[in-house]
$ cat my_file-v6.pdb   # PDB, C-alpha atoms
ATOM      1  CA  MET K1027     -11.907  30.268  -0.188
ATOM      2  CA  ASN K1028     -11.568  32.383   2.971
ATOM      3  CA  LYS K1029     -11.892  31.303   6.601
ATOM      4  CA  LYS K1030     -15.620  31.917   6.819
ATOM      5  CA  GLU K1031     -16.363  30.038   3.613
ATOM      6  CA  PHE K1032     -14.157  27.151   4.600
ATOM      7  CA  LEU K1033     -15.663  26.733   8.069
ATOM      8  CA  GLY K1034     -19.149  27.260   6.680
ATOM      9  CA  ARG K1035     -18.735  24.517   4.109
ATOM     10  CA  LEU K1036     -17.198  22.156   6.622
ATOM     11  CA  SER K1037     -19.966  22.837   9.122
ATOM     12  CA  GLU K1038     -22.564  22.115   6.469
ATOM     13  CA  LEU K1039     -20.888  18.880   5.454
ATOM     14  CA  ILE K1040     -20.705  17.478   8.986
ATOM     15  CA  LYS K1041     -24.088  18.645  10.186
ATOM     16  CA  ASP K1042     -25.319  15.080  10.689
ATOM     17  CA  ILE K1043     -22.806  14.151  13.415
ATOM     18  CA  PRO K1044     -23.392  14.841  17.131
ATOM     19  CA  GLU K1045     -23.364  18.547  18.018
ATOM     20  CA  GLU K1046     -20.544  18.237  20.510
ATOM     21  CA  GLU K1047     -18.274  16.474  18.039
ATOM     22  CA  LYS K1048     -19.091  19.017  15.392
ATOM     23  CA  LYS K1049     -18.206  21.925  17.671
ATOM     24  CA  ASP K1050     -14.968  20.233  18.581
ATOM     25  CA  ILE K1051     -14.001  19.702  14.957
ATOM     26  CA  LEU K1052     -14.774  23.274  13.972
ATOM     27  CA  PHE K1053     -12.826  24.549  16.973
ATOM     28  CA  ASP K1054      -9.677  22.814  15.703
ATOM     29  CA  TYR K1055      -9.912  24.439  12.290
ATOM     30  CA  GLU K1056     -10.767  27.817  13.737
ATOM     31  CA  GLU K1057      -7.659  27.579  15.864
ATOM     32  CA  HIS K1058      -5.636  26.519  12.855
ATOM     33  CA  PHE K1059      -6.783  29.595  10.951
ATOM     34  CA  ARG K1060      -6.156  31.848  13.923
ATOM     35  CA  ILE K1061      -2.585  30.666  14.459
ATOM     36  CA  GLY K1062      -1.898  30.693  10.742
ATOM     37  CA  LEU K1063      -3.029  34.315  10.591
ATOM     38  CA  GLU K1064      -0.847  35.132  13.583
ATOM     39  CA  LYS K1065       2.075  33.679  11.651
ATOM     40  CA  GLY K1066       1.323  36.076   8.854
ATOM     41  CA  ARG K1067      -0.372  33.768   6.375
ATOM     42  CA  LYS K1068      -3.423  34.718   4.355
ATOM     43  CA  GLU K1069      -6.821  33.115   4.954
ATOM     44  CA  GLU K1070      -7.006  31.840   1.372
ATOM     45  CA  GLU K1071      -3.548  30.370   1.624
ATOM     46  CA  ILE K1072      -4.390  28.522   4.844
ATOM     47  CA  ALA K1073      -7.663  27.235   3.414
ATOM     48  CA  ALA K1074      -5.869  25.987   0.297
ATOM     49  CA  SER K1075      -3.240  24.066   2.263
ATOM     50  CA  LEU K1076      -5.891  22.559   4.533
ATOM     51  CA  GLY K1077      -7.396  20.962   1.456
ATOM     52  CA  ASP K1078     -10.922  20.169   0.390
ATOM     53  CA  PRO K1079     -13.502  20.471   3.220
ATOM     54  CA  LYS K1080     -15.232  17.508   1.590
ATOM     55  CA  VAL K1081     -12.225  15.285   2.282
ATOM     56  CA  ILE K1082     -11.964  16.544   5.852
ATOM     57  CA  ALA K1083     -15.683  15.997   6.415
ATOM     58  CA  LYS K1084     -15.435  12.492   5.036
ATOM     59  CA  GLN K1085     -12.600  11.666   7.408
ATOM     60  CA  SER K1086     -14.202  13.301  10.419
ATOM     61  CA  ARG K1087     -17.367  11.359   9.827
ATOM     62  CA  ALA K1088     -15.383   8.204   9.221
ATOM     63  CA  SER K1089     -13.634   8.598  12.556
ATOM     64  CA  CYS K1090     -17.018   9.036  14.199
ATOM     65  CA  ILE K1091     -18.002   5.755  12.631
ATOM     66  CA  LEU K1092     -14.719   4.193  13.655
ATOM     67  CA  LYS K1093     -15.353   5.275  17.200
ATOM     68  CA  GLU K1094     -18.493   3.216  17.089
ATOM     69  CA  ALA K1095     -16.664   0.308  15.505
ATOM     70  CA  GLU K1096     -14.108   0.477  18.274
ATOM     71  CA  LYS K1097     -16.613  -0.811  20.730
ATOM     72  CA  THR K1098     -16.499  -4.133  18.965
ATOM     73  CA  THR K1099     -13.044  -4.011  17.377
ATOM     74  CA  SER K1100      -9.790  -2.978  19.046
ATOM     75  CA  ALA K1101      -7.684  -0.026  17.939
ATOM     76  CA  SER K1102      -4.902  -2.234  16.686
ATOM     77  CA  ASN K1103      -7.456  -4.178  14.693
ATOM     78  CA  ILE K1104      -8.374  -1.052  12.818
ATOM     79  CA  ILE K1105      -4.764  -0.223  12.104
ATOM     80  CA  ARG K1106      -4.266  -3.786  11.058
ATOM     81  CA  ALA K1107      -7.313  -3.502   8.860
ATOM     82  CA  ILE K1108      -5.807  -0.432   7.201
ATOM     83  CA  PHE K1109      -2.497  -2.168   6.710
ATOM     84  CA  ALA K1110      -4.324  -5.271   5.626
ATOM     85  CA  ALA K1111      -6.349  -3.338   3.079
ATOM     86  CA  VAL K1112      -3.220  -1.758   1.694
ATOM     87  CA  GLY K1113      -1.056  -4.835   2.090
ATOM     88  CA  LEU K1114      -3.421  -7.556   1.016
ATOM     89  CA  GLY K1115      -5.995  -5.763  -1.084
ATOM     90  CA  PHE K1116      -3.693  -3.473  -2.948
ATOM     91  CA  PHE K1117      -0.383  -5.299  -3.167
ATOM     92  CA  ASN K1118      -1.625  -8.829  -3.383
ATOM     93  CA  LEU K1119      -4.474  -8.242  -5.762
ATOM     94  CA  VAL K1120      -2.775  -5.831  -8.110
ATOM     95  CA  ILE K1121       0.901  -6.620  -7.695
ATOM     96  CA  VAL K1122       0.683 -10.351  -7.054
ATOM     97  CA  LEU K1123      -2.464 -11.789  -8.573
ATOM     98  CA  GLY K1124      -2.369  -9.902 -11.894
ATOM     99  CA  PRO K1125       1.234 -10.712 -12.814
ATOM    100  CA  ALA K1126       0.807 -14.235 -11.445
ATOM    101  CA  ILE K1127      -2.001 -14.904 -13.914
ATOM    102  CA  GLY K1128       0.105 -13.338 -16.656
ATOM    103  CA  LEU K1129       3.151 -15.419 -15.758
ATOM    104  CA  ILE K1130       1.152 -18.637 -15.607
ATOM    105  CA  GLY K1131      -0.301 -17.803 -19.016
ATOM    106  CA  ILE K1132       3.146 -17.209 -20.471
ATOM    107  CA  LEU K1133       4.503 -20.403 -18.935
ATOM    108  CA  VAL K1134       1.604 -22.465 -20.292
ATOM    109  CA  ALA K1135       2.068 -20.928 -23.748
ATOM    110  CA  LEU K1136       5.824 -21.573 -23.692
ATOM    111  CA  PHE K1137       5.294 -25.116 -22.514
ATOM    112  CA  ALA K1138       2.729 -25.766 -25.250
ATOM    113  CA  SER K1139       5.067 -24.332 -27.919
ATOM    114  CA  ALA K1140       8.020 -26.393 -26.712
ATOM    115  CA  PHE K1141       5.858 -29.507 -26.626
ATOM    116  CA  ALA K1142       4.545 -28.804 -30.138
ATOM    117  CA  ILE K1143       8.065 -28.331 -31.514
ATOM    118  CA  THR K1144       9.170 -31.619 -29.949
ATOM    119  CA  VAL K1145       6.169 -33.491 -31.338
ATOM    120  CA  SER K1146       6.661 -32.024 -34.812
ATOM    121  CA  GLY K1147      10.340 -33.054 -34.758
ATOM    122  CA  VAL K1148       9.526 -36.576 -33.668
ATOM    123  CA  ALA K1149       6.720 -36.804 -36.209
ATOM    124  CA  LEU K1150       8.969 -35.617 -39.018
ATOM    125  CA  LEU K1151      11.647 -38.114 -38.059
ATOM    126  CA  PHE K1152       9.264 -41.058 -37.794
ATOM    127  CA  GLY K1153       7.377 -39.933 -40.864
ATOM    128  CA  THR K1154      10.565 -40.024 -42.897
ATOM    129  CA  LEU K1155      11.576 -43.420 -41.514
ATOM    130  CA  ILE K1156       8.215 -45.142 -41.898
ATOM    131  CA  GLY K1157       7.097 -43.058 -44.864
ATOM    132  CA  PRO K1158       8.236 -45.539 -47.493
ATOM    133  CA  VAL K1159       6.292 -48.309 -45.722
ATOM    134  CA  PHE K1160       3.035 -46.401 -45.294
ATOM    135  CA  ALA K1161       3.434 -44.223 -48.305
ATOM    136  CA  TRP K1162      -0.299 -43.660 -48.762
ATOM    137  CA  ASN K1163      -0.701 -42.164 -45.256
ATOM    138  CA  VAL K1164       2.366 -40.020 -44.931
ATOM    139  CA  TYR K1165       3.283 -37.033 -46.968
ATOM    140  CA  ILE K1166       6.666 -35.428 -46.367
ATOM    141  CA  PRO K1167       7.420 -32.445 -48.567
ATOM    142  CA  PHE K1168      11.183 -32.949 -48.199
ATOM    143  CA  THR K1169      13.648 -35.608 -49.160
ATOM    144  CA  ALA K1170      15.110 -37.778 -46.413
ATOM    145  CA  VAL K1171      18.366 -35.816 -46.579
ATOM    146  CA  VAL K1172      16.519 -32.730 -45.403
ATOM    147  CA  SER K1173      13.814 -34.201 -43.205
ATOM    148  CA  ILE K1174      15.959 -36.447 -40.996
ATOM    149  CA  PRO K1175      18.344 -33.709 -39.803
ATOM    150  CA  LEU K1176      15.380 -31.349 -39.606
ATOM    151  CA  GLY K1177      13.440 -33.842 -37.511
ATOM    152  CA  ILE K1178      16.393 -34.396 -35.184
ATOM    153  CA  GLY K1179      16.963 -30.661 -34.972
ATOM    154  CA  LEU K1180      13.344 -29.903 -34.164
ATOM    155  CA  THR K1181      13.196 -32.657 -31.555
ATOM    156  CA  ALA K1182      16.370 -31.374 -29.906
ATOM    157  CA  LEU K1183      15.104 -27.777 -30.015
ATOM    158  CA  GLY K1184      11.776 -28.836 -28.545
ATOM    159  CA  LEU K1185      13.416 -30.797 -25.726
ATOM    160  CA  LEU K1186      15.783 -27.927 -24.948
ATOM    161  CA  SER K1187      12.844 -25.533 -24.850
ATOM    162  CA  LEU K1188      11.036 -27.880 -22.490
ATOM    163  CA  ILE K1189      14.038 -27.875 -20.178
ATOM    164  CA  GLY K1190      14.199 -24.100 -20.463
ATOM    165  CA  VAL K1191      10.529 -23.725 -19.585
ATOM    166  CA  PHE K1192      11.023 -26.108 -16.687
ATOM    167  CA  TYR K1193      13.819 -23.936 -15.246
ATOM    168  CA  LEU K1194      11.834 -20.788 -15.896
ATOM    169  CA  THR K1195       8.919 -22.279 -13.989
ATOM    170  CA  LYS K1196      11.233 -23.179 -11.127
ATOM    171  CA  PHE K1197      12.632 -19.672 -11.056
ATOM    172  CA  PHE K1198       9.214 -18.047 -11.051
ATOM    173  CA  TYR K1199       8.104 -20.426  -8.346
ATOM    174  CA  LYS K1200      11.028 -19.531  -6.096
ATOM    175  CA  PHE K1201      10.541 -15.869  -6.841
ATOM    176  CA  SER K1202       6.854 -16.040  -5.924
ATOM    177  CA  ILE K1203       7.572 -17.986  -2.743
ATOM    178  CA  SER K1204      10.098 -15.464  -1.493
ATOM    179  CA  TYR K1205       7.734 -12.635  -2.230
ATOM    180  CA  LEU K1206       4.801 -14.282  -0.486
ATOM    181  CA  LYS K1207       7.002 -15.219   2.460
ATOM    182  CA  MET K1208       7.990 -11.610   2.881
ATOM    183  CA  ASN K1209       4.389 -10.552   2.574
ATOM    184  CA  LEU K1210       3.227 -13.111   5.092
ATOM    185  CA  GLN K1211       6.038 -12.286   7.467
ATOM    186  CA  ILE K1212       4.926  -8.712   7.697
ATOM    187  CA  ILE K1213       1.360  -9.759   8.379
ATOM    188  CA  THR K1214       2.184 -12.468  10.905
ATOM    189  CA  ASN K1215       4.722 -10.278  12.688
ATOM    190  CA  ARG K1216       1.951  -7.896  13.346
ATOM    191  CA  ARG K1217      -0.316 -10.661  14.552
ATOM    192  CA  ASN K1218       2.305 -12.103  16.870
ATOM    193  CA  ARG K1219       2.893  -8.819  18.534
ATOM    194  CA  GLU K1220      -0.710  -8.329  19.401
TER     195      GLU K1220
ATOM    196  CA  MET Y 227       3.393   8.622  -3.400
ATOM    197  CA  ASN Y 228       0.240   6.590  -2.916
ATOM    198  CA  ILE Y 229      -2.338   8.360  -0.732
ATOM    199  CA  GLN Y 230      -3.312   5.247   1.224
ATOM    200  CA  PHE Y 231       0.331   4.690   1.944
ATOM    201  CA  LYS Y 232       0.821   8.223   3.200
ATOM    202  CA  LYS Y 233      -2.174   7.940   5.484
ATOM    203  CA  GLY Y 234      -0.684   4.808   6.987
ATOM    204  CA  VAL Y 235       2.580   6.502   7.927
ATOM    205  CA  LEU Y 236       0.979   9.769   8.979
ATOM    206  CA  GLU Y 237      -0.065   8.274  12.296
ATOM    207  CA  LEU Y 238       3.503   7.210  12.981
ATOM    208  CA  CYS Y 239       4.791  10.684  12.108
ATOM    209  CA  VAL Y 240       2.310  12.373  14.435
ATOM    210  CA  LEU Y 241       3.067  10.002  17.319
ATOM    211  CA  SER Y 242       6.782  10.312  16.714
ATOM    212  CA  MET Y 243       6.672  14.087  16.835
ATOM    213  CA  LEU Y 244       4.585  14.067  20.017
ATOM    214  CA  GLU Y 245       7.068  11.630  21.504
ATOM    215  CA  ARG Y 246       9.686  14.351  21.207
ATOM    216  CA  GLN Y 247       7.597  17.244  22.446
ATOM    217  CA  VAL Y 248       4.139  18.466  23.392
ATOM    218  CA  CYS Y 249       2.631  20.321  20.441
ATOM    219  CA  TYR Y 250      -0.388  22.334  19.466
ATOM    220  CA  GLY Y 251      -2.246  21.370  16.323
ATOM    221  CA  TYR Y 252      -0.891  24.026  14.013
ATOM    222  CA  GLU Y 253       2.665  23.230  14.989
ATOM    223  CA  LEU Y 254       2.175  19.523  14.314
ATOM    224  CA  VAL Y 255       0.536  20.131  10.974
ATOM    225  CA  ASN Y 256       3.194  22.626   9.972
ATOM    226  CA  GLU Y 257       6.140  20.393  10.893
ATOM    227  CA  ILE Y 258       4.750  17.275   9.258
ATOM    228  CA  SER Y 259       3.706  18.987   6.061
ATOM    229  CA  LYS Y 260       7.295  20.138   5.693
ATOM    230  CA  SER Y 261       8.383  16.523   5.226
ATOM    231  CA  ILE Y 262       5.309  14.878   3.770
ATOM    232  CA  SER Y 263       3.113  16.608   1.239
ATOM    233  CA  ILE Y 264      -0.416  15.971   2.416
ATOM    234  CA  SER Y 265      -3.568  18.020   2.745
ATOM    235  CA  GLU Y 266      -2.970  19.670   6.099
ATOM    236  CA  GLY Y 267      -6.602  19.386   7.074
ATOM    237  CA  THR Y 268      -6.425  15.608   7.242
ATOM    238  CA  ILE Y 269      -4.187  15.658  10.318
ATOM    239  CA  TYR Y 270      -6.964  16.916  12.586
ATOM    240  CA  PRO Y 271      -9.291  13.954  12.048
ATOM    241  CA  LEU Y 272      -6.291  11.741  12.750
ATOM    242  CA  LEU Y 273      -5.569  13.622  15.987
ATOM    243  CA  ARG Y 274      -9.178  13.169  17.034
ATOM    244  CA  ARG Y 275      -8.927   9.461  16.394
ATOM    245  CA  LEU Y 276      -5.680   9.231  18.368
ATOM    246  CA  LYS Y 277      -7.409  11.013  21.207
ATOM    247  CA  SER Y 278     -10.403   8.701  21.184
ATOM    248  CA  GLU Y 279      -8.022   5.747  21.204
ATOM    249  CA  GLU Y 280      -6.323   7.313  24.232
ATOM    250  CA  PHE Y 281      -2.922   7.599  22.591
ATOM    251  CA  VAL Y 282      -2.944  11.341  23.202
ATOM    252  CA  THR Y 283      -4.614  13.718  25.634
ATOM    253  CA  THR Y 284      -5.374  17.371  25.019
ATOM    254  CA  TYR Y 285      -5.377  20.409  27.239
ATOM    255  CA  LEU Y 286      -5.811  24.122  26.705
ATOM    256  CA  GLN Y 287      -2.985  26.462  27.524
ATOM    257  CA  GLU Y 288      -2.696  30.214  27.299
ATOM    258  CA  SER Y 289      -0.362  31.511  24.659
ATOM    259  CA  GLN Y 290       1.558  34.754  24.666
ATOM    260  CA  GLU Y 291       0.153  35.737  21.309
ATOM    261  CA  GLY Y 292      -3.542  35.326  22.040
ATOM    262  CA  PRO Y 293      -6.315  32.951  23.104
ATOM    263  CA  PRO Y 294      -5.506  29.537  24.581
ATOM    264  CA  ARG Y 295      -4.330  26.782  22.290
ATOM    265  CA  LYS Y 296      -5.154  23.114  22.339
ATOM    266  CA  TYR Y 297      -2.052  21.106  23.121
ATOM    267  CA  TYR Y 298      -1.564  17.441  22.383
ATOM    268  CA  LYS Y 299       0.386  15.207  24.726
ATOM    269  CA  LEU Y 300       1.336  11.585  24.267
ATOM    270  CA  THR Y 301      -0.023   9.135  26.862
ATOM    271  CA  GLU Y 302       1.824   6.083  28.130
ATOM    272  CA  LEU Y 303      -0.301   4.014  25.769
ATOM    273  CA  GLY Y 304       0.631   6.372  22.943
ATOM    274  CA  ARG Y 305       4.287   6.014  23.771
ATOM    275  CA  LYS Y 306       3.995   2.255  23.491
ATOM    276  CA  LYS Y 307       2.083   2.597  20.244
ATOM    277  CA  GLU Y 308       4.744   4.875  18.831
ATOM    278  CA  GLU Y 309       7.474   2.366  19.617
ATOM    279  CA  GLU Y 310       5.454  -0.447  18.146
ATOM    280  CA  LEU Y 311       4.663   1.392  14.926
ATOM    281  CA  LYS Y 312       8.249   2.580  14.584
ATOM    282  CA  GLU Y 313       9.552  -0.937  14.955
ATOM    283  CA  GLU Y 314       7.000  -2.187  12.424
ATOM    284  CA  TRP Y 315       8.008   0.558  10.045
ATOM    285  CA  PHE Y 316      11.713  -0.251  10.249
ATOM    286  CA  THR Y 317      11.034  -3.964   9.805
ATOM    287  CA  PHE Y 318       8.849  -3.212   6.830
ATOM    288  CA  VAL Y 319      11.434  -0.941   5.214
ATOM    289  CA  LYS Y 320      14.176  -3.499   5.846
ATOM    290  CA  ASP Y 321      12.106  -6.319   4.348
ATOM    291  CA  VAL Y 322      11.230  -4.300   1.269
ATOM    292  CA  ASN Y 323      14.853  -3.233   0.835
ATOM    293  CA  ASN Y 324      16.032  -6.806   1.155
ATOM    294  CA  PHE Y 325      13.455  -7.916  -1.327
ATOM    295  CA  LEU Y 326      14.390  -5.213  -3.828
ATOM    296  CA  LYS Y 327      18.075  -6.097  -3.481
ATOM    297  CA  GLY Y 328      17.183  -9.762  -3.901
ATOM    298  CA  SER Y 329      15.203  -9.245  -7.085
ATOM    299  CA  GLU Y 330      18.051  -7.152  -8.482
ATOM    300  CA  LYS Y 331      20.407 -10.104  -8.065
ATOM    301  CA  ASN Y 332      17.999 -12.457  -9.807
ATOM    302  CA  GLU Y 333      17.804 -10.326 -12.889
TER     303      GLU Y 333
END

$ encode --input "my_file-v6.pdb" --output "structure tokens"
Amino acid sequence: MNKKEFLGRLSELIKDIPEEEKKDILFDYEEHFRIGLEKGRKEEEIAASLGDPKVIAKQSRASCILKEAEKTTSASNIIRAIFAAVGLGFFNLVIVLGPAIGLIGILVALFASAFAITVSGVALLFGTLIGPVFAWNVYIPFTAVVSIPLGIGLTALGLLSLIGVFYLTKFFYKFSISYLKMNLQIITNRRNRE
Amino acid sequence: MNIQFKKGVLELCVLSMLERQVCYGYELVNEISKSISISEGTIYPLLRRLKSEEFVTTYLQESQEGPPRKYYKLTELGRKKEEELKEEWFTFVKDVNNFLKGSEKNE
């Protein structure tokens, strides 16, 4: 794309904004081309590094809109809105909420498994002990020599897992708190200063 | 680097450069694009916004090489804004660094 094509496309893309603004915008890019040429660059090269006229048009029109929005919102509010969009929308939704749901899922699954192991251990132990009394209700596929140590082992394993999950939960909790604190600090710092 | 993120710091870079010296558009664009890879054309809409927010003023000045150029000058308000954004930036970087160091220890 050469200078004429670039400016032509840009002009076409921003034709719906006030004439004065449009002239002003085009003047800036004309000047940019002029100085670039003075510095010995080629028109095509300058156009390429300026980027897509579509993107520029979008931004120029957006700033026209922002100018309107300014009448009701302050400048710092807009900057805060940008930071907020990036900070809250992007970080918190993608980097906090997603993993948080994942972590909670994992913790619930781990807790359920640990609980199940404990229950199975206890059941095996009791089953072995009361099996002879309620023989018609309980079926244990092992002899007592196997099932009692197995029951104790499973119970112990289950309880240990529960403790493990408990600590893991605590760790994740602390981790999340420190992250959110940092996040909040940045946001409130900005608010305090305004 | 994330485009949204770049856009956020671009304003600080422009203000910071104007804090050091009065510039014309091409000069600003050229200097900044040396450090941050961004479509050069996007700096002009930003400059227009900074002007409408009264952080910068513009004036035309003759150049030795040809027609007059549009120069950008930081206003008092712009100077304050630059300080504010710079402070926010350093706080932000420090917080993120601390956090990254912290999560390294936890691992």

$ interface_residues --input "my_file-v6.pdb" --of "chain K" --to "chain Y" --cutoff "6 Å" --atoms "all atoms listed in the file" --output "PyMOL selection string"
chain K and resi 1058+1075-1077+1082+1086

$ residues_around --input "my_file-v6.pdb" --residues "stretch 1129-1132 of chain K" --least-positions-apart "6" --cutoff "10 Å" --atoms "only C-alpha atoms" --output "list in words"
Leu1123, Ala1138, Val1191, Thr1195 and Phe1198 of chain K

$ resolve_selection --input "my_file-v6.pdb" --expression "the PyMOL selection byres ((chain Y and resi 305) around 12)" --output "count of residues only"
27

$ axis_aligned_box --input "my_file-v6.pdb" --around "stretch 1180-1184 of chain K" --padding-each-side "8 Å" --output "lines of an AutoDock Vina configuration file"
center_x = 14.1
center_y = -30.2
center_z = -31.4
size_x = 20.6
size_y = 20.9
size_z = 21.6

$ resolve_selection --input "my_file-v6.pdb" --expression "the PyMOL selection byres ((chain K and resi 1060) around 10)" --output "MDAnalysis selection string"
(chainID K and resid 1029 1054:1059 1061:1067 1069 1072) or (chainID Y and resid 252 292:293 295)

$ atom_distance --input "my_file-v6.pdb" --atom1 "atom CA of Y:Gln290" --atom2 "atom CA of K:Leu1033"
25.2 Å
